[in-house]
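What follows is one structure encoded as structure tokens, with my remarks underneath.
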Amino acid sequence: MNLTFSEEQEMLRKAVRDFLEDKCPKKLVKQLEESEKGYSPDLWQEIAELGWIGLAFPEKYGGSGMNFLDLVPLLEEMGRACFPSPFFSTVILGGLTILDVGNEEQREKYLPQIASGKQIFTLALAESDARYDANSIKVKAALKQVQGKSGSYIITGTKMFVPDAHIADYLLCVARTKEGALKQVQGKEGISIFLIDAKSSGISYTLLNTIAKDKLCEVVLDQVQVPKDNILGQLDQGWSKVPRILERAAIAKCCEVVGNMQKVLEMTIDYAKERKQFDRPIGSFQAIQHYCADMATDVDGARLATYQAAWMLSQGTSGTKEVAVAKAWVGEASQRVTNLAHQIHGAIGATMEHDLHFYTRRAKAAELSYGDANFYREIVATEMGL
Amino acid sequence: MDFSFTEEQKKFREEVRAFLEQEITQGFWKPACDAWIHSYNPEFTKRVVQKGWIGLTWPKEYGGQGRSYIDRLILTEEMLRYGAPTACHWFADRQIGGSILTYGTEEQKKEFLPRIVKGEAYFGLGMSEPGAGSDLASLQTRAAEDGDYYVINGQKTWTSGAWLANYFYIVARTDQQAPKHRGISEFVFPADLPGISRIPMIDITGTEAWNDVFFDNVRVPKKYLVGEKNRGFYQIMHQLDFERSGMERLMGNYPLFYGIIKFVKETKHNEQPLSRDSLIRNKLAQLQIEFDVGRLLIYRVAIVMDEGRSPTYEAAMSKVYCTEFEKRLANSAMDILGPYGQLVAGSKFAPIGGLAPDSYLASKGYSLQAGTTEIMKNVLATRGLGLPS
């Protein structure tokens, strides 16, 4: 057992931290939150040139040949900096899914475009009930045969909470290619994953006004025509790939939140040392000290659980339980940490003048994304044989 | 980064399990919660000795195996998983041996360590006093120099293992004038010295696991002073890291955890196993999640120790976390069992052998022993996070 990152991984962490501290101050974060695009194309190009977007893609697809574990320090630092970018949607949801599920032709076509920062991808998974189970998939893809051509699918329906869809070049869309039966077991059948040109006619986007201002969209697909070749993986077998996609998304979110929580802990300790009341730094009071100790325990627990799950994913072994443990734990731990941070910061922390709100808003959004604690507790219960 | 165990470690774990399963199959003992405190079984300890599993991390020249703390944790984890009766050698193996190794004289090492490894030395730990709990440095027991002896007078309380002990490991005041942290020393000596008497303390579970111990002009040869005179308090702070780091804080109630999982699978309500009830699933899954996080915190302590660092921060964290976990486990188990949960061991209808109420009651003490939750959080905040004291 070894719980530390390699020297290379730590160097990457430092490089990302230095870069984001320099290039992404909170002033810019605020500006990007208010902008419609929600990210800086210039910074996006810069991180592409630094090789960070393609970090976990094999070299033959324009990447650096590293693995999921190598993404951990990068994601943590992005969470620490509240870096507004389509990294999560493009790399975690898009690129890694294509790498995992796509055929050679698709990988060769899309991954270099992603790695070079030229194209933005995202995944349209959840629908109106905002749940991550097969029965929730109602968007329909109907095959339309055209004489002399290979045919195409006509996709209709609505996807919810799709990150960065409004700026995406491609949407990965989970849709029903066969009528789903009502029984749950059968609900997983007849689902396929499509790669859709995001600028196709019939697609409209509505930006959702969220607390994290993180550019989630409602995506309405109205008879969108998609070539048959644009299916990722096997026809009708798409759902078998979704758990892994969800696991990567959940752990990537955990990594961002670990970076978020670590920064919140540091900010809070600094504040407790500086802020004086009753002629003493408030950090000398045991009540405050114990709050900080509780925060540190939650942060360390979150980190270890996240690293364990990320390590499992990078090994390619089944990490279903470890992922579930991490996402369930991290979500709730982040709320405890945020609450205590606010309590210790006092009233200033509840204003827009102070940076704490950036972290509070993002931690809550992450908790609700890609499975909350109840969702993953049910998975843990199943893994326990209950 | 690597979260897996080596092949050797996996093999070792299998070996420990095979040994313990054979013990149970042969009917030598029954798995119990907190068996590391309550279950004194000299025959079992002898069989553990034959395996060479006491003093696993100590140097070979003193009878140890020179193995890693991860190996020791694997051994401990399995002992706790099976609820094995390890109480006879637990304290000596966990912390007395380490203390003597770190601070003892060569003579002390040669006297005590081989006896611990052979399972012949049982220790009573004398730290707390009626007026000195969390504020250990205010202890009153005196050790006054008299020629070749220290003469010890005073009372120790909550002395674990005292009724069986053939040795005592105590802290006493050796300088009345010095500031209170700077006048304390440590001693290890035979329990049959004249002037020592014991009164059992019955804890909330009804068990006699602790004693009041009285020292009335006990003459302890000077060779039994451990480490530096008047530096005892600082030595203890280091030694306590060993005590706090242990797996027992999380896994002492493993038999109960297994038991309640089995119970909900086998017990039906409205023709459905309780394990189908979403509230019960949620509750037990949450305990499993908390357990898994706690286990990582504990393995981190072992890794820090293998790196040769003092796990002050990490051990304080795992101690707080795991003792609070045990309270929730026992409480949830009783809730799931409902009115049957209150039936103690041996009573008619008691489910899971009555483990739940016993653990529930015992758990009130977990977050007090070896440093209260509050003291641990002070340590975390001041020594770990750098907050002003």
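Order determines the names: the first chain of the structure tokens is A, the second B, and so forth; residues in each chain are numbered 1 upward, and ligands are numbered 1 upward as they are shown.
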Next on the checklist: Need the shell around range 234-250 of chain A: protein/DNA/RNA residues with any atom at most 10 Å away, counting only C-alpha atoms. Skip same-chain ones fewer than 6 positions apart. Format as a ChimeraX atom specification?
Outcome noted: /A:68,88-89,91-94,96-97,100-103,123,125,132-134,137,174-178,187-194,228,306,309-310,313-314,318-320,322-324,326-328,366-367,369-372
Next on the checklist: Residues of chain B within 8 Å of chain A, counting only C-alpha atoms - could you list those as a ChimeraX atom specification?
Outcome noted: /B:1-6,261,264-265,275-276,281-282,284-286,288-290,292-294,296-297,300,303,317,321,374,377-378,380-382,385,387-389
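Relative to CA of Ile280 in chain B, CA of Tyr254 in chain B is found at 18.2 Å.
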Counting only C-alpha atoms, give me one row per residue of range 234-349 of chain B with an atom at most 12 Å from an atom of range 184-205 of chain B, showing the shortest contact pair and its distance in Å to one decimal, sorted by chain then residue number, as CSV.
residue,atom,partner,partner_atom,distance
B:Tyr234,CA,B:Ile184,CA,8.9
B:Gln235,CA,B:Glu186,CA,8.4
B:Ile236,CA,B:Glu186,CA,8.3
B:Met237,CA,B:Glu186,CA,11.9
B:Gln239,CA,B:Glu186,CA,11.3
B:Val344,CA,B:Thr205,CA,9.7
B:Ala345,CA,B:Thr205,CA,10.7
Checklist entry - Skipping near chain neighbours, those fewer than 2 positions away, what residues fall within 10 Å of Gly97 in chain B using only C-alpha atoms, listed as a ChimeraX atom specification? => result /B:54-55,57-58,91-95,99-102,104,109,112-114,116-117
What would the file look like if the residues just selected were written as a PDB file, in the first residue's frame with N, CA and C atoms?
ATOM      1  N   ILE B  54       3.447 -12.357  18.211  1.00  0.00           N
ATOM      2  CA  ILE B  54       3.530 -11.255  19.185  1.00  0.00           C
ATOM      3  C   ILE B  54       4.867 -10.556  18.947  1.00  0.00           C
ATOM      4  N   GLY B  55       4.854  -9.251  18.988  1.00  0.00           N
ATOM      5  CA  GLY B  55       6.083  -8.504  18.712  1.00  0.00           C
ATOM      6  C   GLY B  55       6.489  -8.575  17.248  1.00  0.00           C
ATOM      7  N   THR B  57       6.577  -6.542  14.833  1.00  0.00           N
ATOM      8  CA  THR B  57       7.371  -5.449  14.231  1.00  0.00           C
ATOM      9  C   THR B  57       8.714  -5.244  14.935  1.00  0.00           C
ATOM     10  N   TRP B  58       8.935  -5.961  16.019  1.00  0.00           N
ATOM     11  CA  TRP B  58      10.157  -5.702  16.784  1.00  0.00           C
ATOM     12  C   TRP B  58      11.369  -6.360  16.140  1.00  0.00           C
ATOM     13  N   PHE B  91      -2.056  -5.480  25.287  1.00  0.00           N
ATOM     14  CA  PHE B  91      -1.409  -4.216  25.669  1.00  0.00           C
ATOM     15  C   PHE B  91       0.108  -4.292  25.535  1.00  0.00           C
ATOM     16  N   ALA B  92       0.656  -5.442  25.940  1.00  0.00           N
ATOM     17  CA  ALA B  92       2.109  -5.603  25.849  1.00  0.00           C
ATOM     18  C   ALA B  92       2.560  -5.513  24.395  1.00  0.00           C
ATOM     19  N   ASP B  93       1.786  -6.181  23.543  1.00  0.00           N
ATOM     20  CA  ASP B  93       2.142  -6.235  22.124  1.00  0.00           C
ATOM     21  C   ASP B  93       1.933  -4.872  21.460  1.00  0.00           C
ATOM     22  N   ARG B  94       0.850  -4.199  21.862  1.00  0.00           N
ATOM     23  CA  ARG B  94       0.490  -2.961  21.189  1.00  0.00           C
ATOM     24  C   ARG B  94       1.365  -1.784  21.606  1.00  0.00           C
ATOM     25  N   GLN B  95       1.590  -1.646  22.905  1.00  0.00           N
ATOM     26  CA  GLN B  95       2.285  -0.423  23.300  1.00  0.00           C
ATOM     27  C   GLN B  95       3.411  -0.571  24.309  1.00  0.00           C
ATOM     28  N   SER B  99       7.162   0.885  23.769  1.00  0.00           N
ATOM     29  CA  SER B  99       7.717   1.878  24.693  1.00  0.00           C
ATOM     30  C   SER B  99       9.090   1.457  25.182  1.00  0.00           C
ATOM     31  N   ILE B 100       9.189   0.179  25.555  1.00  0.00           N
ATOM     32  CA  ILE B 100      10.474  -0.314  26.070  1.00  0.00           C
ATOM     33  C   ILE B 100      11.523  -0.280  24.952  1.00  0.00           C
ATOM     34  N   LEU B 101      11.098  -0.627  23.764  1.00  0.00           N
ATOM     35  CA  LEU B 101      12.026  -0.574  22.624  1.00  0.00           C
ATOM     36  C   LEU B 101      12.542   0.838  22.393  1.00  0.00           C
ATOM     37  N   THR B 102      11.641   1.823  22.522  1.00  0.00           N
ATOM     38  CA  THR B 102      12.027   3.202  22.231  1.00  0.00           C
ATOM     39  C   THR B 102      12.828   3.829  23.370  1.00  0.00           C
ATOM     40  N   GLY B 104      13.523   2.132  26.659  1.00  0.00           N
ATOM     41  CA  GLY B 104      14.081   1.266  27.696  1.00  0.00           C
ATOM     42  C   GLY B 104      15.583   1.084  27.606  1.00  0.00           C
ATOM     43  N   LYS B 109      15.114  -4.187  27.948  1.00  0.00           N
ATOM     44  CA  LYS B 109      14.714  -4.864  26.711  1.00  0.00           C
ATOM     45  C   LYS B 109      14.905  -6.366  26.834  1.00  0.00           C
ATOM     46  N   PHE B 112      12.237  -7.782  29.452  1.00  0.00           N
ATOM     47  CA  PHE B 112      10.797  -7.779  29.167  1.00  0.00           C
ATOM     48  C   PHE B 112      10.410  -8.301  27.787  1.00  0.00           C
ATOM     49  N   LEU B 113      11.159  -7.870  26.768  1.00  0.00           N
ATOM     50  CA  LEU B 113      10.683  -8.182  25.412  1.00  0.00           C
ATOM     51  C   LEU B 113      10.564  -9.683  25.131  1.00  0.00           C
ATOM     52  N   PRO B 114      11.602 -10.476  25.488  1.00  0.00           N
ATOM     53  CA  PRO B 114      11.447 -11.911  25.224  1.00  0.00           C
ATOM     54  C   PRO B 114      10.262 -12.511  25.991  1.00  0.00           C
ATOM     55  N   ILE B 116       7.481 -10.947  26.740  1.00  0.00           N
ATOM     56  CA  ILE B 116       6.249 -10.543  26.040  1.00  0.00           C
ATOM     57  C   ILE B 116       6.032 -11.440  24.826  1.00  0.00           C
ATOM     58  N   VAL B 117       7.111 -11.622  24.080  1.00  0.00           N
ATOM     59  CA  VAL B 117       7.015 -12.426  22.864  1.00  0.00           C
ATOM     60  C   VAL B 117       6.606 -13.862  23.189  1.00  0.00           C
TER      61      VAL B 117
END
Checklist entry - Could you name the residues that touch Leu195 in chain A at 10 Å or less, counting only C-alpha atoms, but leaving out those on the same chain fewer than 3 positions away, as a ChimeraX atom specification? => result /A:94,98,102,106,121-123,170-174,198,226-232
How would the residues just chosen look if you wrote them out with C-alpha atoms as a PDB file, in the first residue's frame?
ATOM      1  CA  GLY A  94     -16.795  12.912 -23.668  1.00  0.00           C
ATOM      2  CA  ILE A  98     -15.119   7.609 -26.596  1.00  0.00           C
ATOM      3  CA  GLY A 102     -15.857   3.988 -29.271  1.00  0.00           C
ATOM      4  CA  GLN A 106     -14.203   7.131 -33.790  1.00  0.00           C
ATOM      5  CA  PHE A 121     -17.835  17.425 -25.958  1.00  0.00           C
ATOM      6  CA  THR A 122     -20.455  16.615 -23.401  1.00  0.00           C
ATOM      7  CA  LEU A 123     -22.798  13.843 -22.345  1.00  0.00           C
ATOM      8  CA  TYR A 170     -20.633  17.099 -29.999  1.00  0.00           C
ATOM      9  CA  LEU A 171     -23.136  15.592 -27.631  1.00  0.00           C
ATOM     10  CA  LEU A 172     -22.930  12.006 -26.481  1.00  0.00           C
ATOM     11  CA  CYS A 173     -26.559  11.115 -26.067  1.00  0.00           C
ATOM     12  CA  VAL A 174     -28.002   8.063 -24.354  1.00  0.00           C
ATOM     13  CA  ALA A 198     -24.283  19.575 -31.525  1.00  0.00           C
ATOM     14  CA  VAL A 226     -27.911  11.226 -36.737  1.00  0.00           C
ATOM     15  CA  PRO A 227     -25.969   8.925 -39.084  1.00  0.00           C
ATOM     16  CA  LYS A 228     -26.110   5.251 -38.175  1.00  0.00           C
ATOM     17  CA  ASP A 229     -22.321   5.144 -37.900  1.00  0.00           C
ATOM     18  CA  ASN A 230     -22.466   7.565 -35.026  1.00  0.00           C
ATOM     19  CA  ILE A 231     -23.434   4.927 -32.499  1.00  0.00           C
ATOM     20  CA  LEU A 232     -20.790   4.505 -29.831  1.00  0.00           C
TER      21      LEU A 232
END
Item to check | 12 Å contact set for Glu49 in chain A, only C-alpha atoms, chain neighbours under 2 positions out, as a VMD selection string | outcome: chain A and resid 42 to 47 51 to 55 62 to 64 114 to 118
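The two atoms in question, CA of Ser363 in chain B and CA of Lys327 in chain B, are spaced 5.2 Å apart.
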Next on the checklist: When DSSP is applied to the backbone of this structure, which of range 220-309 of chain B are assigned alpha helix (DSSP H)? Write them out as a PyMOL selection string.
Outcome noted: chain B and resi 232-244+248-251+254-266+278-306
Output the selection as an mmCIF file, in the first residue's frame - C-alpha atoms for each residue.
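The resulting part.cif:
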data_model
loop_
_atom_site.group_PDB
_atom_site.id
_atom_site.type_symbol
_atom_site.label_atom_id
_atom_site.label_comp_id
_atom_site.auth_asym_id
_atom_site.auth_seq_id
_atom_site.Cartn_x
_atom_site.Cartn_y
_atom_site.Cartn_z
ATOM 1 C CA GLY B 232 7.943 10.708 31.162
ATOM 2 C CA PHE B 233 5.157 12.985 30.034
ATOM 3 C CA TYR B 234 6.836 13.639 26.717
ATOM 4 C CA GLN B 235 7.601 9.954 26.260
ATOM 5 C CA ILE B 236 3.956 9.101 26.870
ATOM 6 C CA MET B 237 2.756 11.543 24.267
ATOM 7 C CA HIS B 238 4.784 9.593 21.727
ATOM 8 C CA GLN B 239 3.738 6.182 23.059
ATOM 9 C CA LEU B 240 0.069 7.036 23.036
ATOM 10 C CA ASP B 241 0.258 7.346 19.270
ATOM 11 C CA PHE B 242 0.777 3.585 19.215
ATOM 12 C CA GLU B 243 -2.203 3.012 21.466
ATOM 13 C CA ARG B 244 -4.503 5.282 19.528
ATOM 14 C CA GLU B 248 -9.526 -2.104 17.536
ATOM 15 C CA ARG B 249 -11.128 1.308 17.563
ATOM 16 C CA LEU B 250 -12.933 0.507 14.353
ATOM 17 C CA MET B 251 -13.122 -3.242 14.288
ATOM 18 C CA TYR B 254 -16.866 -6.501 13.860
ATOM 19 C CA PRO B 255 -18.743 -9.557 15.150
ATOM 20 C CA LEU B 256 -21.726 -7.284 15.774
ATOM 21 C CA PHE B 257 -21.493 -5.706 12.316
ATOM 22 C CA TYR B 258 -21.398 -9.145 10.669
ATOM 23 C CA GLY B 259 -24.146 -10.290 12.985
ATOM 24 C CA ILE B 260 -26.579 -7.502 12.161
ATOM 25 C CA ILE B 261 -25.996 -7.915 8.407
ATOM 26 C CA LYS B 262 -26.755 -11.620 8.729
ATOM 27 C CA PHE B 263 -29.774 -10.858 10.886
ATOM 28 C CA VAL B 264 -31.439 -8.538 8.365
ATOM 29 C CA LYS B 265 -30.907 -11.052 5.590
ATOM 30 C CA GLU B 266 -32.458 -13.881 7.570
ATOM 31 C CA SER B 278 -35.003 0.634 2.091
ATOM 32 C CA LEU B 279 -34.496 2.381 5.436
ATOM 33 C CA ILE B 280 -32.496 -0.549 6.776
ATOM 34 C CA ARG B 281 -30.491 -0.809 3.562
ATOM 35 C CA ASN B 282 -29.702 2.878 3.752
ATOM 36 C CA LYS B 283 -28.686 2.697 7.386
ATOM 37 C CA LEU B 284 -26.415 -0.321 6.991
ATOM 38 C CA ALA B 285 -24.889 0.988 3.770
ATOM 39 C CA GLN B 286 -24.043 4.234 5.538
ATOM 40 C CA LEU B 287 -22.316 2.257 8.301
ATOM 41 C CA GLN B 288 -20.388 0.320 5.670
ATOM 42 C CA ILE B 289 -19.314 3.553 3.991
ATOM 43 C CA GLU B 290 -18.194 5.008 7.306
ATOM 44 C CA PHE B 291 -16.414 1.779 8.136
ATOM 45 C CA ASP B 292 -14.550 1.762 4.817
ATOM 46 C CA VAL B 293 -13.426 5.363 5.284
ATOM 47 C CA GLY B 294 -12.300 4.562 8.842
ATOM 48 C CA ARG B 295 -10.345 1.575 7.594
ATOM 49 C CA LEU B 296 -8.456 3.834 5.185
ATOM 50 C CA LEU B 297 -7.661 6.258 8.013
ATOM 51 C CA ILE B 298 -6.278 3.371 10.047
ATOM 52 C CA TYR B 299 -4.178 1.910 7.259
ATOM 53 C CA ARG B 300 -2.767 5.391 6.765
ATOM 54 C CA VAL B 301 -1.536 5.342 10.370
ATOM 55 C CA ALA B 302 0.315 2.080 9.736
ATOM 56 C CA ILE B 303 1.846 3.489 6.559
ATOM 57 C CA VAL B 304 3.052 6.589 8.414
ATOM 58 C CA MET B 305 4.596 4.353 11.092
ATOM 59 C CA ASP B 306 6.313 2.235 8.435
#
Residues within 9 Å of Asp222 in chain A, please, as a tab-separated table (two decimals) with C-alpha atoms, in the first residue's frame. Count only C-alpha atoms; anything in the same chain fewer than 5 positions from it doesn't count.
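Output (out.tsv):
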chain	number	residue	atom	x	y	z
A	154	ILE	CA	-34.11	10.28	-35.84
A	155	ILE	CA	-33.74	11.32	-32.23
A	156	THR	CA	-36.44	13.05	-30.26
A	157	GLY	CA	-36.80	13.96	-26.63
A	158	THR	CA	-35.42	16.15	-23.85
A	201	SER	CA	-30.82	21.09	-36.88
A	202	GLY	CA	-33.55	20.32	-34.42
A	203	ILE	CA	-31.38	20.78	-31.30
A	204	SER	CA	-32.09	23.65	-28.98
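Across the structure, CA of Leu274 in chain B and CA of Asn331 in chain B are spaced 17.3 Å apart.
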Checklist entry - Which polymer residues have any atom within 9 Å of an atom of Phe44 in chain B, counting only C-alpha atoms, with same-chain residues fewer than 2 positions away left out, as a list in words? => result Glu23, Phe28, Trp29, Tyr40, Asn41, Pro42, Lys46, Arg47, Val48, Val49, Ala84, Pro85, Thr86 and Cys88 of chain B
